[in-house]
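Enquirer: Got a structure for you, written out below as structure tokens; questions coming shortly.
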Amino acid sequence: MSTDSSGTDDGGRERPFVIVGASLGGAKAAQALREAGYTGGIVLIGDEHERPYERPPLSKGYLLGTSAREKIYVHPPQWYAEHDVTLRLGTPVVAIDPAAHTVTLADDGRVEYAKLLLTTGSSPRRLPVPGADQEGVHYLRRVEDSERIREAFRPGARVVVVGAGWIGLETAAAARAAGAEVTVLEVAELPLLRVLGREVAQVFADLHRDHGVDLRFGAQVAELTGTDGRVSGVRLADGTTVPADAVVVGIGIAPATALAEAAGLEVDNGVKTDQHLRTSDPDIHAAGDVANAYHPLFGRHLRVEHWANALNQPQTAARAMLGEDAVYDRVPYFFTDQYDLGMEYVGWVEPGGYDRVVFRGDPATREFIAFWTSGGRVLAGMNVNVWDVTDPIRDLVRSGRAVDLKALADPAVPLTDL
């Protein structure tokens with residue numbers, strides 16, 4: 001069946017906008033299209049059986065048992081019908097044909113599209129060692145993963161977390177809150193070392209040790225041992241074994257680019273897009289974890305694996321799909337909650353891409369702001385248990401101007417005066 005740029009097929013029928021990935025990003029894109037006045041068809045397709053939900057609670061409140069399941073969902077169940085959004089769940093997309101403007105489903109069905117948005121997200125990197133496929137080895141990405149992990153977190157349980165990134169540390173904090181004995185294994189010298197640098201990474205190492213976590217750095221996992229198909233321990237490269245009733249693996253995620261790559265789209269650490277979130281095919285856009293988008297503020301492509309991108313990029317993508325000159329230039333943002341520490345981070349710094357960290361307040365008190373600077377410019381800021389400062393920090397990052405570093409460190413100087 002032939003198609004043309006007007007969005008109709010050769011029978012004169014209007015083709016819908018199709019969103020592949022019934023995630024936070026996919027749901028927010030559908031919402032943004034309707035709020036922008038688009039009245040055509042919207043088809044939102046996802047391989048999960050759950051309607052779109054947010055993922056941060058899976059390692060935070062929902063995992064801790066302090067947040068109800070109903071609160072994780074993006075919209076109430078009736079929202080999709082009320083807004084004429086066709087929601088197809090449990091329906092994997094197996095191929096995209098850009099020339100025919102169709103997506104092929106696992107059941108061999110086909111859906112035509114006028115414009116296509118990819119919000120396919122990412123998947124956890126698997127631990128490439130013997131024994132990693134046993135019962136009791138967990139990865140956290142979906143709501144059912146969070147529920148299984150929560151069941152494993154019980155008083156006295158021996159929990160080993162492999163990887164001291166954000167997911168690893170948040171799950172370690174949840175395990176300790178449940179009364180489990182927790183060991184965190186990390187190949188680097190400190191947690192979050194590549195993300196935060198040595199100065200601030202030490203804060204998180206001290207935090208977890210103060211809460212009874214056994215942190216082991218320079219630890220290389222060689223094998224997961226087990227009995228009758230269930231994990232019982234983690235053997236390290238030095239020959240030592242850490243007993244485990246449950247193992248949580250948090251060693252990063254990989255963007256879900258297989259569909260895009262097979263369709264001939266440009267892929268490089270994600271689906272490459274321009275500042276309008278448009279891929280190498282003008283009728284296909286991408287947003288969220290899967291998108292490696294050109295960021296005009298930083299003058300380079302960035303793929304940001306955090307909630308704020310999945311929340312905000314779809315609004316730009318939706319407007320661009322409607323033909324507007326929409327540009328995504330928000331400053332990256334993420335947050336974490338661990339024990340009694342709450343943190344927000346605004347900005348972007350590549351590993352080793354700063355020359356000084358300036359502290360406003362004492363890191364030992366876990367109530368401070370840290371600024372990553374280069375040539376006097378603020379590249380990023382992280383507020384720890386200090387609130388209502390993200391806007392001025394964002395303004396400093398966006399301005400790109402040099403500031404007085406002594407004033408930056410002085411709590412008596414308002415950030416808005418710098």
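Residues are referred to by chain and number: the chain letter is A, B, ... according to the order shown in the structure tokens, the number counts from 1 in that chain, and ligands are numbered separately from 1 in the order shown.
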Could you give me, as a PDB file with N, CA, C and O atoms, in the first residue's frame, the residues within 10 Å of Thr183 of chain A, counting only C-alpha atoms and dropping anything in the same chain fewer than 3 positions from it?
Expert:
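Once written, part27.pdb looks like this:
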```pdb
ATOM      1  N   ARG A 158      20.500 -12.320  53.430  1.00  0.00           N
ATOM      2  CA  ARG A 158      21.814 -11.890  52.949  1.00  0.00           C
ATOM      3  C   ARG A 158      21.665 -11.456  51.492  1.00  0.00           C
ATOM      4  O   ARG A 158      21.468 -12.286  50.612  1.00  0.00           O
ATOM      5  N   VAL A 159      21.744 -10.160  51.283  1.00  0.00           N
ATOM      6  CA  VAL A 159      21.538  -9.584  49.960  1.00  0.00           C
ATOM      7  C   VAL A 159      22.868  -9.048  49.445  1.00  0.00           C
ATOM      8  O   VAL A 159      23.542  -8.275  50.130  1.00  0.00           O
ATOM      9  N   VAL A 160      23.233  -9.463  48.246  1.00  0.00           N
ATOM     10  CA  VAL A 160      24.426  -8.940  47.588  1.00  0.00           C
ATOM     11  C   VAL A 160      23.990  -8.111  46.399  1.00  0.00           C
ATOM     12  O   VAL A 160      23.215  -8.581  45.548  1.00  0.00           O
ATOM     13  N   VAL A 161      24.469  -6.871  46.342  1.00  0.00           N
ATOM     14  CA  VAL A 161      24.183  -5.971  45.228  1.00  0.00           C
ATOM     15  C   VAL A 161      25.451  -5.844  44.397  1.00  0.00           C
ATOM     16  O   VAL A 161      26.504  -5.469  44.917  1.00  0.00           O
ATOM     17  N   VAL A 162      25.348  -6.156  43.120  1.00  0.00           N
ATOM     18  CA  VAL A 162      26.486  -6.050  42.216  1.00  0.00           C
ATOM     19  C   VAL A 162      26.344  -4.748  41.432  1.00  0.00           C
ATOM     20  O   VAL A 162      25.437  -4.600  40.616  1.00  0.00           O
ATOM     21  N   ALA A 172      20.176  -1.122  47.674  1.00  0.00           N
ATOM     22  CA  ALA A 172      20.880  -1.427  48.925  1.00  0.00           C
ATOM     23  C   ALA A 172      20.223  -0.721  50.098  1.00  0.00           C
ATOM     24  O   ALA A 172      20.039  -1.305  51.172  1.00  0.00           O
ATOM     25  N   ALA A 180      17.643  -6.392  55.988  1.00  0.00           N
ATOM     26  CA  ALA A 180      18.541  -7.373  55.383  1.00  0.00           C
ATOM     27  C   ALA A 180      20.000  -7.013  55.660  1.00  0.00           C
ATOM     28  O   ALA A 180      20.334  -5.854  55.925  1.00  0.00           O
ATOM     29  N   GLU A 186      31.571  -3.512  43.967  1.00  0.00           N
ATOM     30  CA  GLU A 186      31.795  -2.518  42.915  1.00  0.00           C
ATOM     31  C   GLU A 186      33.217  -2.639  42.401  1.00  0.00           C
ATOM     32  O   GLU A 186      34.162  -2.700  43.187  1.00  0.00           O
ATOM     33  N   GLY A 212      25.430   0.495  57.774  1.00  0.00           N
ATOM     34  CA  GLY A 212      25.712  -0.918  57.964  1.00  0.00           C
ATOM     35  C   GLY A 212      25.923  -1.730  56.705  1.00  0.00           C
ATOM     36  O   GLY A 212      25.925  -2.973  56.763  1.00  0.00           O
ATOM     37  N   VAL A 213      26.113  -1.083  55.566  1.00  0.00           N
ATOM     38  CA  VAL A 213      26.370  -1.810  54.323  1.00  0.00           C
ATOM     39  C   VAL A 213      27.848  -2.173  54.240  1.00  0.00           C
ATOM     40  O   VAL A 213      28.725  -1.342  54.515  1.00  0.00           O
ATOM     41  N   ASP A 214      28.102  -3.401  53.848  1.00  0.00           N
ATOM     42  CA  ASP A 214      29.477  -3.861  53.615  1.00  0.00           C
ATOM     43  C   ASP A 214      29.842  -3.508  52.173  1.00  0.00           C
ATOM     44  O   ASP A 214      29.408  -4.171  51.229  1.00  0.00           O
ATOM     45  N   LEU A 215      30.605  -2.425  51.999  1.00  0.00           N
ATOM     46  CA  LEU A 215      31.010  -1.977  50.673  1.00  0.00           C
ATOM     47  C   LEU A 215      32.364  -2.586  50.325  1.00  0.00           C
ATOM     48  O   LEU A 215      33.326  -2.456  51.086  1.00  0.00           O
ATOM     49  N   ARG A 216      32.434  -3.215  49.172  1.00  0.00           N
ATOM     50  CA  ARG A 216      33.691  -3.813  48.736  1.00  0.00           C
ATOM     51  C   ARG A 216      34.037  -3.286  47.345  1.00  0.00           C
ATOM     52  O   ARG A 216      33.311  -3.548  46.377  1.00  0.00           O
ATOM     53  N   VAL A 242      31.069 -14.507  48.773  1.00  0.00           N
ATOM     54  CA  VAL A 242      30.155 -13.760  49.632  1.00  0.00           C
ATOM     55  C   VAL A 242      28.826 -14.504  49.648  1.00  0.00           C
ATOM     56  O   VAL A 242      28.189 -14.666  48.596  1.00  0.00           O
ATOM     57  N   PRO A 243      28.387 -15.008  50.800  1.00  0.00           N
ATOM     58  CA  PRO A 243      27.110 -15.727  50.854  1.00  0.00           C
ATOM     59  C   PRO A 243      25.947 -14.827  50.446  1.00  0.00           C
ATOM     60  O   PRO A 243      25.941 -13.624  50.739  1.00  0.00           O
ATOM     61  N   ALA A 244      24.965 -15.410  49.769  1.00  0.00           N
ATOM     62  CA  ALA A 244      23.837 -14.602  49.287  1.00  0.00           C
ATOM     63  C   ALA A 244      22.562 -15.422  49.250  1.00  0.00           C
ATOM     64  O   ALA A 244      22.541 -16.532  48.712  1.00  0.00           O
ATOM     65  N   VAL A 247      20.626 -11.900  44.989  1.00  0.00           N
ATOM     66  CA  VAL A 247      21.602 -11.036  44.330  1.00  0.00           C
ATOM     67  C   VAL A 247      20.841 -10.060  43.438  1.00  0.00           C
ATOM     68  O   VAL A 247      19.986 -10.471  42.641  1.00  0.00           O
TER      69      VAL A 247
END
```
Enquirer: Report as a list in words all protein, DNA and RNA residues lying within 9 Å of Ala246 of chain A, evaluated on only C-alpha atoms, omitting residues in the same chain fewer than 2 positions from it.
Expert: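 Near Ala246 of chain A, the qualifying residues are Glu135, Gly136, Val137, His138, Ile149, Ala152, Phe153, Ala157, Arg158, Val159, Val160, Val161, Val231, Ser232, Gly233, Ala244 and Val248 of chain A.
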Enquirer: Using C-alpha atoms, can you write the selected residues to a file as a short mmCIF file (atom, residue, chain, number, x, y, z; two decimals), in the first residue's frame?
Expert:
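Once written, selection_30.cif looks like this:
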```
data_model
loop_
_atom_site.label_atom_id
_atom_site.label_comp_id
_atom_site.auth_asym_id
_atom_site.auth_seq_id
_atom_site.Cartn_x
_atom_site.Cartn_y
_atom_site.Cartn_z
CA GLU A 135 16.77 -18.27 40.81
CA GLY A 136 17.32 -15.44 43.25
CA VAL A 137 19.29 -13.30 40.78
CA HIS A 138 17.37 -10.08 40.13
CA ILE A 149 13.04 -7.95 44.89
CA ALA A 152 13.54 -11.05 48.84
CA PHE A 153 14.28 -8.12 51.17
CA ALA A 157 18.35 -12.03 54.48
CA ARG A 158 21.81 -11.89 52.95
CA VAL A 159 21.54 -9.58 49.96
CA VAL A 160 24.43 -8.94 47.59
CA VAL A 161 24.18 -5.97 45.23
CA VAL A 231 21.86 -18.68 44.02
CA SER A 232 23.77 -19.12 47.29
CA GLY A 233 26.79 -16.90 46.88
CA ALA A 244 23.84 -14.60 49.29
CA VAL A 248 20.56 -7.76 42.71
#
```
Enquirer: Name the residues of segment 148-380 of chain A that come out as strand (DSSP E) in a backbone DSSP run; write them as a ChimeraX atom specification.
Expert: /A:158-162,181-186,214-217,221-227,230-236,241-243,246-249,253-255,271-273,284-286,291-295,300-302,333-338,341-347,356-360,368-374,377-380
Enquirer: Which one is closest to Pro98 of chain A: A:Tyr73, A:His285, A:Arg356, A:Asp245? Count only C-alpha atoms.
Expert: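 Closest to Pro98 of chain A, using only C-alpha atoms: A:His285.
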Enquirer: With only C-alpha atoms as the atoms that count, which of A:Val331, A:Leu105, A:Val378, A:Ala293 lies nearest to Ser280 of chain A?
Expert: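 The shortest atom-to-atom distance to Ser280 of chain A comes from A:Ala293.
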Enquirer: What lies within 8 Å of Val349 of chain A using only C-alpha atoms, ignoring chain neighbours under 6 positions off, as a ChimeraX atom specification?
Expert: /A:195,372,379-380
Enquirer: Counting only C-alpha atoms, which of A:Gly353, A:Arg300, A:Val129, A:Trp166 gets nearest to Leu192 of chain A?
Expert: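 Nearest candidate to Leu192 of chain A out of A:Gly353, A:Arg300, A:Val129, A:Trp166: A:Trp166.
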Enquirer: Ranking A:Leu259, A:Ala219, A:Leu297, A:Val200 by minimum distance to Phe368 of chain A and counting only C-alpha atoms, which one comes first?
Expert: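 Closest candidate: A:Val200.
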Enquirer: Could you give me, as a list of chain:residue names, the residues within 6 Å of segment 335-347 of chain A, counting only C-alpha atoms and dropping anything in the same chain fewer than 4 positions from it?
Expert: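 Residues meeting the cut-off are A:Glu170, A:Ala173, A:Val331, A:Leu379, A:Ala380, A:Gly381, A:Met382, A:Asn383, A:Val384, A:Asn385.
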Enquirer: Let me see the file: selected residues, all heavy atoms, as a PDB file, in the first residue's frame.
Expert:
```
ATOM      1  N   GLU A 170      20.309   2.539  45.585  1.00  0.00           N
ATOM      2  CA  GLU A 170      18.930   2.675  46.046  1.00  0.00           C
ATOM      3  C   GLU A 170      18.360   1.335  46.507  1.00  0.00           C
ATOM      4  O   GLU A 170      17.643   1.278  47.518  1.00  0.00           O
ATOM      5  CB  GLU A 170      18.070   3.287  44.938  1.00  0.00           C
ATOM      6  CG  GLU A 170      18.365   4.762  44.717  1.00  0.00           C
ATOM      7  CD  GLU A 170      17.576   5.390  43.587  1.00  0.00           C
ATOM      8  OE1 GLU A 170      16.763   4.673  42.962  1.00  0.00           O
ATOM      9  OE2 GLU A 170      17.776   6.583  43.328  1.00  0.00           O
ATOM     10  N   ALA A 173      19.839   0.543  49.903  1.00  0.00           N
ATOM     11  CA  ALA A 173      19.167   1.285  50.969  1.00  0.00           C
ATOM     12  C   ALA A 173      17.821   0.659  51.314  1.00  0.00           C
ATOM     13  O   ALA A 173      17.449   0.560  52.491  1.00  0.00           O
ATOM     14  CB  ALA A 173      18.989   2.748  50.549  1.00  0.00           C
ATOM     15  N   VAL A 331      18.098  21.532  30.660  1.00  0.00           N
ATOM     16  CA  VAL A 331      19.302  21.086  31.364  1.00  0.00           C
ATOM     17  C   VAL A 331      18.994  19.758  32.046  1.00  0.00           C
ATOM     18  O   VAL A 331      17.963  19.627  32.716  1.00  0.00           O
ATOM     19  CB  VAL A 331      19.743  22.135  32.407  1.00  0.00           C
ATOM     20  CG1 VAL A 331      20.963  21.644  33.184  1.00  0.00           C
ATOM     21  CG2 VAL A 331      20.050  23.468  31.725  1.00  0.00           C
ATOM     22  N   LEU A 379      29.278  23.787  35.705  1.00  0.00           N
ATOM     23  CA  LEU A 379      28.818  22.772  34.763  1.00  0.00           C
ATOM     24  C   LEU A 379      27.625  21.996  35.307  1.00  0.00           C
ATOM     25  O   LEU A 379      26.757  21.558  34.542  1.00  0.00           O
ATOM     26  CB  LEU A 379      29.956  21.790  34.457  1.00  0.00           C
ATOM     27  CG  LEU A 379      31.267  22.391  33.944  1.00  0.00           C
ATOM     28  CD1 LEU A 379      32.304  21.288  33.756  1.00  0.00           C
ATOM     29  CD2 LEU A 379      31.044  23.156  32.659  1.00  0.00           C
ATOM     30  N   ALA A 380      27.598  21.802  36.627  1.00  0.00           N
ATOM     31  CA  ALA A 380      26.518  21.047  37.258  1.00  0.00           C
ATOM     32  C   ALA A 380      26.505  21.376  38.744  1.00  0.00           C
ATOM     33  O   ALA A 380      27.525  21.807  39.315  1.00  0.00           O
ATOM     34  CB  ALA A 380      26.706  19.543  37.057  1.00  0.00           C
ATOM     35  N   GLY A 381      25.360  21.173  39.347  1.00  0.00           N
ATOM     36  CA  GLY A 381      25.238  21.372  40.786  1.00  0.00           C
ATOM     37  C   GLY A 381      24.384  20.290  41.395  1.00  0.00           C
ATOM     38  O   GLY A 381      23.424  19.805  40.762  1.00  0.00           O
ATOM     39  N   MET A 382      24.716  19.882  42.607  1.00  0.00           N
ATOM     40  CA  MET A 382      23.971  18.840  43.307  1.00  0.00           C
ATOM     41  C   MET A 382      23.639  19.340  44.700  1.00  0.00           C
ATOM     42  O   MET A 382      24.532  19.647  45.488  1.00  0.00           O
ATOM     43  CB  MET A 382      24.798  17.552  43.398  1.00  0.00           C
ATOM     44  CG  MET A 382      24.037  16.401  44.025  1.00  0.00           C
ATOM     45  SD  MET A 382      25.030  14.874  44.087  1.00  0.00           S
ATOM     46  CE  MET A 382      25.925  15.145  45.608  1.00  0.00           C
ATOM     47  N   ASN A 383      22.347  19.455  44.997  1.00  0.00           N
ATOM     48  CA  ASN A 383      21.919  19.866  46.327  1.00  0.00           C
ATOM     49  C   ASN A 383      21.511  18.640  47.134  1.00  0.00           C
ATOM     50  O   ASN A 383      20.690  17.840  46.694  1.00  0.00           O
ATOM     51  CB  ASN A 383      20.785  20.892  46.269  1.00  0.00           C
ATOM     52  CG  ASN A 383      19.647  20.511  45.350  1.00  0.00           C
ATOM     53  OD1 ASN A 383      19.836  20.374  44.155  1.00  0.00           O
ATOM     54  ND2 ASN A 383      18.452  20.349  45.915  1.00  0.00           N
ATOM     55  N   VAL A 384      22.128  18.485  48.298  1.00  0.00           N
ATOM     56  CA  VAL A 384      21.892  17.350  49.184  1.00  0.00           C
ATOM     57  C   VAL A 384      21.215  17.856  50.450  1.00  0.00           C
ATOM     58  O   VAL A 384      21.803  18.639  51.211  1.00  0.00           O
ATOM     59  CB  VAL A 384      23.217  16.640  49.523  1.00  0.00           C
ATOM     60  CG1 VAL A 384      22.987  15.534  50.551  1.00  0.00           C
ATOM     61  CG2 VAL A 384      23.858  16.073  48.262  1.00  0.00           C
ATOM     62  N   ASN A 385      19.978  17.437  50.648  1.00  0.00           N
ATOM     63  CA  ASN A 385      19.180  17.866  51.807  1.00  0.00           C
ATOM     64  C   ASN A 385      19.116  19.388  51.932  1.00  0.00           C
ATOM     65  O   ASN A 385      18.955  19.931  53.033  1.00  0.00           O
ATOM     66  CB  ASN A 385      19.718  17.238  53.099  1.00  0.00           C
ATOM     67  CG  ASN A 385      19.479  15.745  53.159  1.00  0.00           C
ATOM     68  OD1 ASN A 385      18.581  15.226  52.512  1.00  0.00           O
ATOM     69  ND2 ASN A 385      20.297  15.034  53.920  1.00  0.00           N
TER      70      ASN A 385
END
```
Enquirer: Would you please extract all helix (DSSP H, G or I) residues from segment 39-155 of chain A, as assigned by DSSP on the backbone, and give them as a list of chain:residue names?
Expert: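 Here are the helix (DSSP H, G or I) residues of segment 39-155 of chain A: A:Pro56, A:Pro57, A:Leu58, A:Ser59, A:Gly61, A:Tyr62, A:Leu63, A:Leu64, A:Arg69, A:Glu70, A:Lys71, A:Ile72, A:Trp79, A:Tyr80, A:Ala81, A:Glu82, A:Val143, A:Glu144, A:Asp145, A:Ser146, A:Glu147, A:Arg148, A:Ile149, A:Arg150, A:Glu151, A:Ala152.
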Enquirer: Here is a test: counting only C-alpha atoms, which residue of A:Ala258, A:Ala201, A:Val249, A:Gly41 is nearest to Val93 of chain A?
Expert: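 The answer is A:Ala258, which sits nearest to Val93 of chain A.
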Enquirer: Please determine, counting only C-alpha atoms, which residue among A:Trp307, A:Tyr328, A:Tyr333, A:Trp387 has the shortest atom-to-atom distance to Glu54 of chain A.
Expert: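 Under the stated criterion, the closest residue is A:Trp307.
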Enquirer: Grab the atom CA of Thr227 of chain A to atom CA of Gly65 of chain A distance for me, in Å with one decimal place.
Expert: 29.8 Å
Enquirer: Write out as a ChimeraX atom specification which residues come within 9 Å of Leu127 of chain A when counting only C-alpha atoms, dropping same-chain ones fewer than 3 positions away.
Expert: /A:130,132,162,221,249-251
Enquirer: Please indicate the distance in Å from atom CA of Pro77 of chain A to atom CA of Pro255 of chain A, rounded to one decimal place.
Expert: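 A separation of 27.7 Å between them.
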Enquirer: So that I can see what lies close to Thr241 of chain A, please list as an MDAnalysis selection string the residues with an atom at most 10 Å from it, counting only C-alpha atoms and leaving out residues fewer than 4 positions away in the same chain.
Expert: chainID A and resid 221:225 232:237
Enquirer: Could you please take those selected residues and save all heavy atoms as an mmCIF file, in the first residue's frame?
Expert:
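The file below, out_9.cif, is the result:
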```cif
data_model
loop_
_atom_site.group_PDB
_atom_site.id
_atom_site.type_symbol
_atom_site.label_atom_id
_atom_site.label_comp_id
_atom_site.auth_asym_id
_atom_site.auth_seq_id
_atom_site.Cartn_x
_atom_site.Cartn_y
_atom_site.Cartn_z
ATOM 1 N N VAL A 221 33.394 -9.860 39.971
ATOM 2 C CA VAL A 221 32.591 -11.070 40.129
ATOM 3 C C VAL A 221 33.027 -12.104 39.095
ATOM 4 O O VAL A 221 33.077 -11.826 37.896
ATOM 5 C CB VAL A 221 31.094 -10.763 39.973
ATOM 6 C CG1 VAL A 221 30.263 -12.043 40.032
ATOM 7 C CG2 VAL A 221 30.644 -9.778 41.052
ATOM 8 N N ALA A 222 33.336 -13.313 39.575
ATOM 9 C CA ALA A 222 33.760 -14.396 38.676
ATOM 10 C C ALA A 222 32.656 -15.405 38.431
ATOM 11 O O ALA A 222 32.568 -15.986 37.348
ATOM 12 C CB ALA A 222 34.982 -15.104 39.258
ATOM 13 N N GLU A 223 31.788 -15.612 39.431
ATOM 14 C CA GLU A 223 30.763 -16.656 39.312
ATOM 15 C C GLU A 223 29.712 -16.460 40.388
ATOM 16 O O GLU A 223 30.005 -15.960 41.487
ATOM 17 C CB GLU A 223 31.418 -18.031 39.484
ATOM 18 C CG GLU A 223 30.469 -19.209 39.400
ATOM 19 C CD GLU A 223 31.142 -20.539 39.713
ATOM 20 O OE1 GLU A 223 32.336 -20.529 40.095
ATOM 21 O OE2 GLU A 223 30.473 -21.586 39.570
ATOM 22 N N LEU A 224 28.489 -16.836 40.076
ATOM 23 C CA LEU A 224 27.437 -16.917 41.082
ATOM 24 C C LEU A 224 27.242 -18.392 41.408
ATOM 25 O O LEU A 224 26.883 -19.187 40.542
ATOM 26 C CB LEU A 224 26.136 -16.299 40.584
ATOM 27 C CG LEU A 224 26.187 -14.825 40.165
ATOM 28 C CD1 LEU A 224 24.784 -14.305 39.879
ATOM 29 C CD2 LEU A 224 26.870 -13.964 41.212
ATOM 30 N N THR A 225 27.512 -18.752 42.633
ATOM 31 C CA THR A 225 27.373 -20.142 43.054
ATOM 32 C C THR A 225 25.929 -20.409 43.440
ATOM 33 O O THR A 225 25.138 -19.493 43.675
ATOM 34 C CB THR A 225 28.304 -20.444 44.233
ATOM 35 O OG1 THR A 225 27.945 -19.594 45.348
ATOM 36 C CG2 THR A 225 29.755 -20.170 43.865
ATOM 37 N N SER A 232 23.394 -19.024 45.868
ATOM 38 C CA SER A 232 23.771 -19.116 47.286
ATOM 39 C C SER A 232 24.978 -18.261 47.617
ATOM 40 O O SER A 232 25.305 -18.085 48.787
ATOM 41 C CB SER A 232 24.083 -20.577 47.650
ATOM 42 O OG SER A 232 25.193 -21.052 46.895
ATOM 43 N N GLY A 233 25.635 -17.710 46.582
ATOM 44 C CA GLY A 233 26.794 -16.896 46.882
ATOM 45 C C GLY A 233 27.381 -16.266 45.631
ATOM 46 O O GLY A 233 27.014 -16.610 44.505
ATOM 47 N N VAL A 234 28.294 -15.331 45.854
ATOM 48 C CA VAL A 234 28.996 -14.652 44.762
ATOM 49 C C VAL A 234 30.484 -14.889 44.951
ATOM 50 O O VAL A 234 31.062 -14.479 45.973
ATOM 51 C CB VAL A 234 28.700 -13.132 44.762
ATOM 52 C CG1 VAL A 234 29.443 -12.453 43.617
ATOM 53 C CG2 VAL A 234 27.201 -12.874 44.683
ATOM 54 N N ARG A 235 31.085 -15.585 43.992
ATOM 55 C CA ARG A 235 32.526 -15.833 44.078
ATOM 56 C C ARG A 235 33.258 -14.740 43.316
ATOM 57 O O ARG A 235 32.938 -14.436 42.164
ATOM 58 C CB ARG A 235 32.888 -17.206 43.494
ATOM 59 C CG ARG A 235 34.364 -17.576 43.709
ATOM 60 C CD ARG A 235 34.647 -19.019 43.309
ATOM 61 N NE ARG A 235 34.420 -19.235 41.886
ATOM 62 C CZ ARG A 235 35.314 -18.920 40.944
ATOM 63 N NH1 ARG A 235 36.469 -18.350 41.261
ATOM 64 N NH2 ARG A 235 35.033 -19.152 39.667
ATOM 65 N N LEU A 236 34.252 -14.148 43.978
ATOM 66 C CA LEU A 236 35.014 -13.053 43.388
ATOM 67 C C LEU A 236 36.274 -13.571 42.720
ATOM 68 O O LEU A 236 36.693 -14.718 42.922
ATOM 69 C CB LEU A 236 35.366 -12.034 44.469
ATOM 70 C CG LEU A 236 34.182 -11.466 45.261
ATOM 71 C CD1 LEU A 236 34.666 -10.458 46.292
ATOM 72 C CD2 LEU A 236 33.167 -10.831 44.325
ATOM 73 N N ALA A 237 36.890 -12.707 41.923
ATOM 74 C CA ALA A 237 38.089 -13.099 41.181
ATOM 75 C C ALA A 237 39.240 -13.461 42.099
ATOM 76 O O ALA A 237 40.125 -14.234 41.714
ATOM 77 C CB ALA A 237 38.493 -11.965 40.242
#
```
Enquirer: List the neighbours of Leu277 of chain A out to 6 Å using only C-alpha atoms; skip same-chain residues closer than 4 positions along the sequence, and give me the result as a ChimeraX atom specification.
Expert: /A:273,285-286,317
Enquirer: Hey, can you spit out that residue selection with N, CA, C and O atoms as a PDB file, in the first residue's frame?
Expert:
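Saved file selection.pdb follows:
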```pdb
ATOM      1  N   THR A 273      19.335  11.536  17.250  1.00  0.00           N
ATOM      2  CA  THR A 273      18.328  12.497  16.802  1.00  0.00           C
ATOM      3  C   THR A 273      18.950  13.883  16.741  1.00  0.00           C
ATOM      4  O   THR A 273      20.012  14.139  17.323  1.00  0.00           O
ATOM      5  N   HIS A 285      10.647   9.918  15.158  1.00  0.00           N
ATOM      6  CA  HIS A 285      11.283  10.627  16.268  1.00  0.00           C
ATOM      7  C   HIS A 285      11.610   9.620  17.375  1.00  0.00           C
ATOM      8  O   HIS A 285      11.124   8.492  17.368  1.00  0.00           O
ATOM      9  N   ALA A 286      12.422  10.042  18.325  1.00  0.00           N
ATOM     10  CA  ALA A 286      12.764   9.192  19.472  1.00  0.00           C
ATOM     11  C   ALA A 286      12.902  10.066  20.712  1.00  0.00           C
ATOM     12  O   ALA A 286      13.307  11.230  20.626  1.00  0.00           O
ATOM     13  N   ALA A 317       9.024  16.207  21.270  1.00  0.00           N
ATOM     14  CA  ALA A 317       8.828  15.296  20.144  1.00  0.00           C
ATOM     15  C   ALA A 317       7.425  15.435  19.556  1.00  0.00           C
ATOM     16  O   ALA A 317       7.249  15.457  18.327  1.00  0.00           O
TER      17      ALA A 317
END
```
Enquirer: Quick check, in Å to one decimal: how far apart do atom CA of Leu193 of chain A and atom CA of Val304 of chain A lie?
Expert: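 Those two atoms sit 17.1 Å apart.
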